[in-house]
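To start, the structure itself, in structure tokens.
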Amino acid sequence: MYKHVLIPVALDHETLIARKLENARHLIAGGGRITLLTVLESIPGFVSEFVTMKVDNHLTTKVENKLREAAGGDDSIQCKVVSGKPGVQIAAFAEDNGVDLIIVGSHHPSAQDYFLGSTASRVVRRAGCSVFVVRD
């Protein structure tokens, strides 16, 4: 059905990974591939003069290992880490890598989400492919 499914994962509060993987496996029906992607958020410019955060190879490797754990050790699942704004980077990764479905998780919106928007809503607006939203 789908050839390449992208699953963005926020490791700090990801409770839906098992459900997203189950949906992805069903939707590729043995004929596609799955990529787990974590976006390490950049520090805003006005804060960066006070705090330095360098995304180095050690941090990237550590996060990739966490993604592999989340994948349950399935070596057929590709794990990637990028940095930047999550909504932008997820949509860009999908476009650059031939993704035809993104499976995002969504929580019940907080007051902040109504004013600023959620990552899931940003992905839905920016993505050039289908987006499957799994509710918490």
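Residues in the structure tokens are named by chain (A, B, ... in the order shown) and by number from 1 within that chain; ligands are numbered from 1 in the order shown.
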
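Every protein, DNA or RNA residue with an atom at most 9 Å from A:Arg33, where only C-alpha atoms count and chain neighbours fewer than 4 positions away do not, is listed here: A:Tyr2, A:Lys3, A:His4, A:Val5, A:Leu6, A:Ala24, A:Arg25, A:Ile28, A:Ser76, A:Ile77, A:Gln78.
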
Write the residues of the selection above to a file with N, CA and C atoms, as a PDB file, in the first residue's frame.
ATOM      1  N   TYR A   2       1.677   1.455   1.056  1.00  0.00           N
ATOM      2  CA  TYR A   2       2.616   2.583   1.094  1.00  0.00           C
ATOM      3  C   TYR A   2       4.027   2.036   0.956  1.00  0.00           C
ATOM      4  N   LYS A   3       4.904   2.830   0.349  1.00  0.00           N
ATOM      5  CA  LYS A   3       6.272   2.379   0.105  1.00  0.00           C
ATOM      6  C   LYS A   3       7.250   2.824   1.180  1.00  0.00           C
ATOM      7  N   HIS A   4       7.035   4.028   1.721  1.00  0.00           N
ATOM      8  CA  HIS A   4       7.954   4.547   2.741  1.00  0.00           C
ATOM      9  C   HIS A   4       7.153   5.322   3.779  1.00  0.00           C
ATOM     10  N   VAL A   5       7.131   4.798   4.996  1.00  0.00           N
ATOM     11  CA  VAL A   5       6.385   5.419   6.089  1.00  0.00           C
ATOM     12  C   VAL A   5       7.374   6.049   7.061  1.00  0.00           C
ATOM     13  N   LEU A   6       7.146   7.315   7.375  1.00  0.00           N
ATOM     14  CA  LEU A   6       7.968   8.057   8.328  1.00  0.00           C
ATOM     15  C   LEU A   6       7.209   8.196   9.640  1.00  0.00           C
ATOM     16  N   ALA A  24       2.047   1.295  10.942  1.00  0.00           N
ATOM     17  CA  ALA A  24       2.973   1.364   9.807  1.00  0.00           C
ATOM     18  C   ALA A  24       3.184  -0.014   9.191  1.00  0.00           C
ATOM     19  N   ARG A  25       3.400  -1.012  10.026  1.00  0.00           N
ATOM     20  CA  ARG A  25       3.616  -2.373   9.508  1.00  0.00           C
ATOM     21  C   ARG A  25       2.400  -2.859   8.724  1.00  0.00           C
ATOM     22  N   ILE A  28       2.269  -0.864   5.252  1.00  0.00           N
ATOM     23  CA  ILE A  28       3.246  -1.206   4.211  1.00  0.00           C
ATOM     24  C   ILE A  28       3.055  -2.641   3.733  1.00  0.00           C
ATOM     25  N   SER A  76      15.239  -3.775  10.185  1.00  0.00           N
ATOM     26  CA  SER A  76      14.697  -3.284   8.915  1.00  0.00           C
ATOM     27  C   SER A  76      14.179  -1.853   9.041  1.00  0.00           C
ATOM     28  N   ILE A  77      14.042  -1.367  10.280  1.00  0.00           N
ATOM     29  CA  ILE A  77      13.569   0.001  10.510  1.00  0.00           C
ATOM     30  C   ILE A  77      14.769   0.934  10.555  1.00  0.00           C
ATOM     31  N   GLN A  78      14.737   1.951   9.707  1.00  0.00           N
ATOM     32  CA  GLN A  78      15.809   2.939   9.651  1.00  0.00           C
ATOM     33  C   GLN A  78      15.579   3.974  10.743  1.00  0.00           C
TER      34      GLN A  78
END

**OP:** Find the spatial neighbours of A:Lys20, counting only C-alpha atoms, within a cut-off of 8 Å - ignore same-chain residues fewer than 3 positions away - and output them as a PyMOL selection string.
**Re:** chain A and resi 7+16-17+23-24+103-105+134

Include N, CA and C atoms and write out the residues we just selected as a PDB file, in the first residue's frame.
ATOM      1  N   ILE A   7       7.879   7.846  10.746  1.00  0.00           N
ATOM      2  CA  ILE A   7       7.285   7.997  12.073  1.00  0.00           C
ATOM      3  C   ILE A   7       8.161   8.939  12.889  1.00  0.00           C
ATOM      4  N   LEU A  16       3.087   6.624  22.151  1.00  0.00           N
ATOM      5  CA  LEU A  16       2.345   6.009  21.050  1.00  0.00           C
ATOM      6  C   LEU A  16       3.214   5.224  20.072  1.00  0.00           C
ATOM      7  N   ILE A  17       4.497   5.053  20.378  1.00  0.00           N
ATOM      8  CA  ILE A  17       5.402   4.438  19.406  1.00  0.00           C
ATOM      9  C   ILE A  17       4.943   3.044  18.994  1.00  0.00           C
ATOM     10  N   ASN A  23       0.601   0.319  13.157  1.00  0.00           N
ATOM     11  CA  ASN A  23      -0.104   0.884  12.000  1.00  0.00           C
ATOM     12  C   ASN A  23       0.793   0.898  10.765  1.00  0.00           C
ATOM     13  N   ALA A  24       2.047   1.295  10.942  1.00  0.00           N
ATOM     14  CA  ALA A  24       2.973   1.364   9.807  1.00  0.00           C
ATOM     15  C   ALA A  24       3.184  -0.014   9.191  1.00  0.00           C
ATOM     16  N   ILE A 103       3.258   9.120   9.927  1.00  0.00           N
ATOM     17  CA  ILE A 103       2.370   8.769  11.041  1.00  0.00           C
ATOM     18  C   ILE A 103       2.827   9.562  12.254  1.00  0.00           C
ATOM     19  N   VAL A 104       2.010  10.546  12.659  1.00  0.00           N
ATOM     20  CA  VAL A 104       2.346  11.391  13.804  1.00  0.00           C
ATOM     21  C   VAL A 104       1.430  11.078  14.974  1.00  0.00           C
ATOM     22  N   GLY A 105       1.948  11.327  16.164  1.00  0.00           N
ATOM     23  CA  GLY A 105       1.135  11.203  17.366  1.00  0.00           C
ATOM     24  C   GLY A 105       0.581  12.561  17.724  1.00  0.00           C
ATOM     25  N   VAL A 134      -2.319   9.634  14.971  1.00  0.00           N
ATOM     26  CA  VAL A 134      -2.697   8.692  16.025  1.00  0.00           C
ATOM     27  C   VAL A 134      -2.911   9.498  17.296  1.00  0.00           C
TER      28      VAL A 134
END

Original post:
A:Gly87, A:Gly98, A:Ala92, A:His58: which is nearest A:Val124, counting only C-alpha atoms?
Top reply: A:Gly87

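A straight line drawn from atom CA of A:Arg122 to atom CA of A:Ile34 is 21.1 Å long.
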
Subject >> All residues 9 Å or closer to A:Val123, only C-alpha atoms, same chain fewer than 5 positions away omitted, as number ranges by chain >> reply: A: 86-88, 90-91, 102, 104, 118, 131

The selected residues should be written to file as a PDB file, in the first residue's frame (atoms: C-alpha atoms).
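Just written: part_26.pdb:
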ATOM      1  CA  PRO A  86      10.313  19.700  14.207  1.00  0.00           C
ATOM      2  CA  GLY A  87       7.427  20.608  11.890  1.00  0.00           C
ATOM      3  CA  VAL A  88       9.767  21.962   9.232  1.00  0.00           C
ATOM      4  CA  ILE A  90       9.773  16.348   9.434  1.00  0.00           C
ATOM      5  CA  ALA A  91       8.127  17.699   6.276  1.00  0.00           C
ATOM      6  CA  ILE A 102       3.838  10.241   7.848  1.00  0.00           C
ATOM      7  CA  VAL A 104       2.346  11.391  13.804  1.00  0.00           C
ATOM      8  CA  SER A 118       1.234  21.521  17.832  1.00  0.00           C
ATOM      9  CA  VAL A 131      -0.436  12.228   7.217  1.00  0.00           C
TER      10      VAL A 131
END

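Coordinates place atom CA of A:Val81 at a distance of 16.3 Å from atom CA of A:Thr119.
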
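Counting from atom CA of A:Val99, the distance to atom CA of A:Val9 is 15.6 Å.
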